[in-house]
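Student: So that you have it, the file is target.csv, and it contains CSV, N, CA and C atoms:
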```csv
chain,number,residue,atom,x,y,z
A,1,MET,N,122.4,-31.5,-103.6
A,1,MET,CA,122.0,-32.8,-103.5
A,1,MET,C,123.0,-33.7,-104.3
A,2,LEU,N,123.5,-34.7,-103.7
A,2,LEU,CA,124.3,-35.7,-104.3
A,2,LEU,C,123.5,-36.9,-104.8
A,3,LEU,N,123.7,-37.2,-106.1
A,3,LEU,CA,123.0,-38.4,-106.7
A,3,LEU,C,124.1,-39.4,-107.1
A,4,LEU,N,123.9,-40.6,-106.7
A,4,LEU,CA,124.8,-41.7,-107.0
A,4,LEU,C,124.1,-42.7,-107.8
A,5,TYR,N,124.5,-42.9,-109.0
A,5,TYR,CA,124.0,-43.9,-109.9
A,5,TYR,C,124.7,-45.2,-109.7
A,6,THR,N,124.0,-46.3,-109.5
A,6,THR,CA,124.6,-47.5,-109.0
A,6,THR,C,123.9,-48.7,-109.6
A,7,THR,N,124.5,-49.9,-109.4
A,7,THR,CA,123.8,-51.2,-109.5
A,7,THR,C,124.1,-52.0,-108.3
A,8,PRO,N,123.2,-52.9,-107.9
A,8,PRO,CA,123.3,-53.6,-106.7
A,8,PRO,C,124.5,-54.5,-106.5
A,9,MET,N,125.1,-55.0,-107.6
A,9,MET,CA,126.2,-56.0,-107.5
A,9,MET,C,127.5,-55.4,-107.8
A,10,CYS,N,127.6,-54.1,-107.9
A,10,CYS,CA,128.8,-53.4,-108.2
A,10,CYS,C,129.7,-53.1,-107.0
A,11,PRO,N,130.9,-53.8,-106.9
A,11,PRO,CA,131.7,-53.6,-105.7
A,11,PRO,C,132.3,-52.2,-105.6
A,12,TYR,N,132.5,-51.5,-106.7
A,12,TYR,CA,132.9,-50.1,-106.7
A,12,TYR,C,131.9,-49.2,-106.1
A,13,CYS,N,130.6,-49.5,-106.5
A,13,CYS,CA,129.5,-48.7,-105.9
A,13,CYS,C,129.4,-48.9,-104.4
A,14,GLU,N,129.6,-50.1,-104.0
A,14,GLU,CA,129.6,-50.4,-102.5
A,14,GLU,C,130.7,-49.6,-101.8
A,15,ARG,N,131.9,-49.5,-102.4
A,15,ARG,CA,133.0,-48.8,-101.8
A,15,ARG,C,132.6,-47.3,-101.6
A,16,VAL,N,132.0,-46.8,-102.6
A,16,VAL,CA,131.6,-45.4,-102.5
A,16,VAL,C,130.5,-45.2,-101.4
A,17,LYS,N,129.5,-46.1,-101.4
A,17,LYS,CA,128.5,-46.0,-100.4
A,17,LYS,C,129.1,-46.1,-99.0
A,18,GLU,N,130.1,-47.0,-98.8
A,18,GLU,CA,130.7,-47.1,-97.5
A,18,GLU,C,131.4,-45.8,-97.1
A,19,CYS,N,132.1,-45.2,-98.1
A,19,CYS,CA,132.7,-43.9,-97.8
A,19,CYS,C,131.7,-42.8,-97.4
A,20,PHE,N,130.6,-42.8,-98.1
A,20,PHE,CA,129.5,-41.8,-97.8
A,20,PHE,C,129.0,-42.1,-96.4
A,21,SER,N,128.8,-43.3,-96.0
A,21,SER,CA,128.3,-43.7,-94.7
A,21,SER,C,129.3,-43.2,-93.6
A,22,ARG,N,130.6,-43.5,-93.8
A,22,ARG,CA,131.6,-43.1,-92.8
A,22,ARG,C,131.7,-41.6,-92.7
A,23,ALA,N,131.5,-40.9,-93.8
A,23,ALA,CA,131.6,-39.4,-93.8
A,23,ALA,C,130.3,-38.7,-93.4
A,24,GLY,N,129.2,-39.5,-93.2
A,24,GLY,CA,127.9,-39.0,-92.9
A,24,GLY,C,127.3,-38.2,-94.0
A,25,THR,N,127.7,-38.5,-95.2
A,25,THR,CA,127.2,-37.8,-96.4
A,25,THR,C,125.8,-38.2,-96.8
A,26,THR,N,124.9,-37.2,-97.0
A,26,THR,CA,123.6,-37.4,-97.4
A,26,THR,C,123.6,-37.5,-99.0
A,27,TYR,N,122.9,-38.5,-99.5
A,27,TYR,CA,122.9,-38.7,-100.9
A,27,TYR,C,121.7,-39.5,-101.3
A,28,GLU,N,121.4,-39.5,-102.6
A,28,GLU,CA,120.3,-40.3,-103.1
A,28,GLU,C,120.8,-41.3,-104.1
A,29,THR,N,120.4,-42.6,-103.9
A,29,THR,CA,120.9,-43.6,-104.8
A,29,THR,C,119.9,-43.8,-105.9
A,30,ARG,N,120.5,-44.0,-107.1
A,30,ARG,CA,119.6,-44.3,-108.3
A,30,ARG,C,120.1,-45.6,-109.0
A,31,ASP,N,119.3,-46.6,-108.8
A,31,ASP,CA,119.7,-47.9,-109.3
A,31,ASP,C,119.3,-48.0,-110.8
A,32,VAL,N,120.4,-48.0,-111.6
A,32,VAL,CA,120.1,-48.0,-113.1
A,32,VAL,C,119.7,-49.4,-113.6
A,33,SER,N,119.9,-50.4,-112.8
A,33,SER,CA,119.5,-51.8,-113.2
A,33,SER,C,118.0,-52.0,-113.0
A,34,ALA,N,117.4,-51.2,-112.1
A,34,ALA,CA,116.0,-51.3,-111.8
A,34,ALA,C,115.1,-50.3,-112.4
A,35,ASN,N,115.7,-49.2,-113.0
A,35,ASN,CA,114.9,-48.1,-113.5
A,35,ASN,C,115.4,-47.6,-114.8
A,36,VAL,N,114.7,-47.7,-115.8
A,36,VAL,CA,115.1,-47.3,-117.2
A,36,VAL,C,115.3,-45.8,-117.2
A,37,ALA,N,114.5,-45.0,-116.5
A,37,ALA,CA,114.6,-43.6,-116.5
A,37,ALA,C,116.0,-43.2,-115.9
A,38,TYR,N,116.4,-43.8,-114.9
A,38,TYR,CA,117.7,-43.5,-114.3
A,38,TYR,C,118.8,-43.9,-115.2
A,39,ARG,N,118.6,-45.0,-115.9
A,39,ARG,CA,119.6,-45.4,-116.9
A,39,ARG,C,119.8,-44.4,-118.0
A,40,ASP,N,118.6,-43.8,-118.5
A,40,ASP,CA,118.7,-42.8,-119.5
A,40,ASP,C,119.3,-41.5,-119.0
A,41,GLU,N,119.0,-41.2,-117.7
A,41,GLU,CA,119.6,-40.0,-117.1
A,41,GLU,C,121.1,-40.1,-117.1
A,42,LEU,N,121.6,-41.3,-116.6
A,42,LEU,CA,123.0,-41.6,-116.5
A,42,LEU,C,123.7,-41.4,-117.9
A,43,CYS,N,123.1,-42.0,-118.9
A,43,CYS,CA,123.7,-41.8,-120.3
A,43,CYS,C,123.7,-40.4,-120.8
A,44,THR,N,122.7,-39.7,-120.4
A,44,THR,CA,122.6,-38.3,-120.9
A,44,THR,C,123.6,-37.4,-120.1
A,45,LEU,N,123.6,-37.6,-118.8
A,45,LEU,CA,124.5,-36.8,-118.0
A,45,LEU,C,126.0,-37.1,-118.1
A,46,GLY,N,126.3,-38.4,-118.2
A,46,GLY,CA,127.7,-38.8,-118.2
A,46,GLY,C,128.2,-39.3,-119.6
A,47,GLY,N,127.3,-39.6,-120.5
A,47,GLY,CA,127.7,-40.0,-121.8
A,47,GLY,C,128.0,-41.5,-122.0
A,48,LYS,N,128.0,-42.2,-120.9
A,48,LYS,CA,128.2,-43.7,-121.0
A,48,LYS,C,127.5,-44.4,-119.9
A,49,MET,N,127.3,-45.7,-120.1
A,49,MET,CA,126.6,-46.6,-119.1
A,49,MET,C,127.7,-47.2,-118.2
A,50,GLN,N,128.1,-46.4,-117.2
A,50,GLN,CA,129.1,-46.9,-116.3
A,50,GLN,C,128.8,-46.4,-114.9
A,51,VAL,N,128.9,-47.3,-113.9
A,51,VAL,CA,128.7,-46.9,-112.5
A,51,VAL,C,129.9,-47.3,-111.7
A,52,PRO,N,130.1,-46.6,-110.6
A,52,PRO,CA,129.3,-45.6,-110.0
A,52,PRO,C,129.5,-44.3,-110.8
A,53,PHE,N,128.5,-43.4,-110.7
A,53,PHE,CA,128.5,-42.1,-111.3
A,53,PHE,C,127.9,-41.2,-110.3
A,54,LEU,N,128.6,-40.1,-110.0
A,54,LEU,CA,128.2,-39.1,-109.0
A,54,LEU,C,127.8,-37.8,-109.7
A,55,VAL,N,126.6,-37.3,-109.3
A,55,VAL,CA,126.2,-35.9,-109.7
A,55,VAL,C,126.1,-35.1,-108.5
A,56,ASP,N,126.8,-34.0,-108.4
A,56,ASP,CA,126.6,-33.0,-107.3
A,56,ASP,C,125.9,-31.9,-107.9
A,57,GLU,N,124.6,-31.9,-107.7
A,57,GLU,CA,123.7,-30.9,-108.4
A,57,GLU,C,124.0,-29.4,-107.9
A,58,GLU,N,124.4,-29.3,-106.7
A,58,GLU,CA,124.7,-27.9,-106.2
A,58,GLU,C,126.0,-27.3,-106.8
A,59,ARG,N,126.9,-28.1,-107.2
A,59,ARG,CA,128.2,-27.6,-107.7
A,59,ARG,C,128.4,-27.9,-109.2
A,60,GLY,N,127.5,-28.6,-109.8
A,60,GLY,CA,127.6,-29.0,-111.2
A,60,GLY,C,128.7,-29.9,-111.5
A,61,VAL,N,129.0,-30.8,-110.6
A,61,VAL,CA,130.1,-31.8,-110.8
A,61,VAL,C,129.5,-33.1,-111.1
A,62,HIS,N,130.2,-33.8,-112.1
A,62,HIS,CA,129.8,-35.1,-112.6
A,62,HIS,C,131.1,-36.0,-112.6
A,63,LEU,N,131.1,-37.1,-111.9
A,63,LEU,CA,132.3,-37.9,-111.8
A,63,LEU,C,132.0,-39.4,-112.0
A,64,TYR,N,132.8,-40.1,-112.7
A,64,TYR,CA,132.9,-41.5,-112.7
A,64,TYR,C,134.1,-41.9,-111.9
A,65,GLU,N,134.3,-43.2,-111.7
A,65,GLU,CA,135.4,-43.8,-111.0
A,65,GLU,C,135.3,-43.7,-109.5
A,66,SER,N,135.3,-44.8,-108.8
A,66,SER,CA,135.1,-44.8,-107.4
A,66,SER,C,136.1,-44.0,-106.6
A,67,ASN,N,137.4,-44.1,-107.0
A,67,ASN,CA,138.5,-43.4,-106.3
A,67,ASN,C,138.3,-41.9,-106.5
A,68,ASP,N,137.9,-41.5,-107.6
A,68,ASP,CA,137.7,-40.0,-107.9
A,68,ASP,C,136.5,-39.5,-107.0
A,69,ILE,N,135.4,-40.3,-107.0
A,69,ILE,CA,134.2,-39.9,-106.2
A,69,ILE,C,134.6,-39.9,-104.7
A,70,ILE,N,135.3,-40.8,-104.2
A,70,ILE,CA,135.7,-40.9,-102.8
A,70,ILE,C,136.5,-39.7,-102.5
A,71,ALA,N,137.5,-39.4,-103.3
A,71,ALA,CA,138.4,-38.2,-103.1
A,71,ALA,C,137.6,-36.9,-103.1
A,72,TYR,N,136.6,-36.8,-104.0
A,72,TYR,CA,135.8,-35.6,-104.1
A,72,TYR,C,135.0,-35.4,-102.8
A,73,VAL,N,134.4,-36.5,-102.4
A,73,VAL,CA,133.5,-36.4,-101.2
A,73,VAL,C,134.3,-36.1,-100.0
A,74,GLU,N,135.5,-36.7,-99.8
A,74,GLU,CA,136.3,-36.4,-98.7
A,74,GLU,C,136.8,-34.9,-98.7
A,75,LYS,N,137.1,-34.4,-99.9
A,75,LYS,CA,137.5,-33.0,-100.0
A,75,LYS,C,136.4,-32.1,-99.7
A,76,ARG,N,135.2,-32.5,-100.2
A,76,ARG,CA,134.0,-31.7,-100.0
A,76,ARG,C,133.6,-31.6,-98.5
A,77,GLN,N,133.9,-32.6,-97.7
A,77,GLN,CA,133.6,-32.6,-96.3
A,77,GLN,C,134.6,-31.8,-95.5
A,78,THR,N,135.7,-31.5,-96.0
A,78,THR,CA,136.8,-30.8,-95.3
A,78,THR,C,136.4,-29.3,-95.3
A,79,PRO,N,136.3,-28.7,-94.1
A,79,PRO,CA,135.9,-27.3,-93.9
A,79,PRO,C,137.0,-26.3,-94.5
```
Would you mind writing the file out in structure tokens?
Tutor:
Amino acid sequence: MLLLYTTPMCPYCERVKECFSRAGTTYETRDVSANVAYRDELCTLGGKMQVPFLVDEERGVHLYESNDIIAYVEKRQTP
């Protein structure tokens, strides 16, 4: 399962979501601006309050930075 920590007004988060949509990637969005528990999870998992933040639970990968997340997802989709 891919978890994407976001906020609604973040253009970098939107870039990542658009990439996921184009790639047909299934993921769960966690809005840290609307949910304190998600904000706490983000800080615990990543060490800082920054979005977008991707967690790939199956592979144990944690990534900040939209360009890095997009590159990871594109590589992950390649057979």
Student: Record the distance separating atom N of A:Pro52 and atom C of A:Thr29, expressed in Å with one decimal.
Tutor: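 Going from atom N of A:Pro52 over to atom C of A:Thr29, I get 11.6 Å.
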Student: For A:Leu42, work out the shell of residues within 12 Å, counting only C-alpha atoms and skipping chain neighbours fewer than 3 positions away, then give it as a ChimeraX atom specification.
Tutor: /A:3-7,30-33,35-39,45-55,62-64
Student: My list of candidates is A:Cys43, A:Ala34, A:Ala23, A:Val61. Which is closest to A:Met1 when distances are computed with only C-alpha atoms?
Tutor: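 The shortest atom-to-atom distance to A:Met1 comes from A:Val61.
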Student: Mind pulling up the distance from atom C of A:Asp56 to atom C of A:Tyr27?
Tutor: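 Between atom C of A:Tyr27 and atom C of A:Asp56 the gap is 10.9 Å.
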Student: Which residue, A:Leu2, A:Asp68, A:Gln77, A:Pro8, has the smallest gap to A:Thr26 when you use all atoms listed in the file?
Tutor: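 Of A:Leu2, A:Asp68, A:Gln77, A:Pro8, the one nearest A:Thr26 is A:Leu2, counting all atoms listed in the file.
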Student: Could you please write out, as a count of residues only, every residue of chain A that DSSP assigns to alpha helix (DSSP H)?
Tutor: 36
Student: From a backbone DSSP assignment, name each residue in chain A labelled strand (DSSP E), as a ChimeraX atom specification.
Tutor: /A:2-6,28-31,53-56,61-64
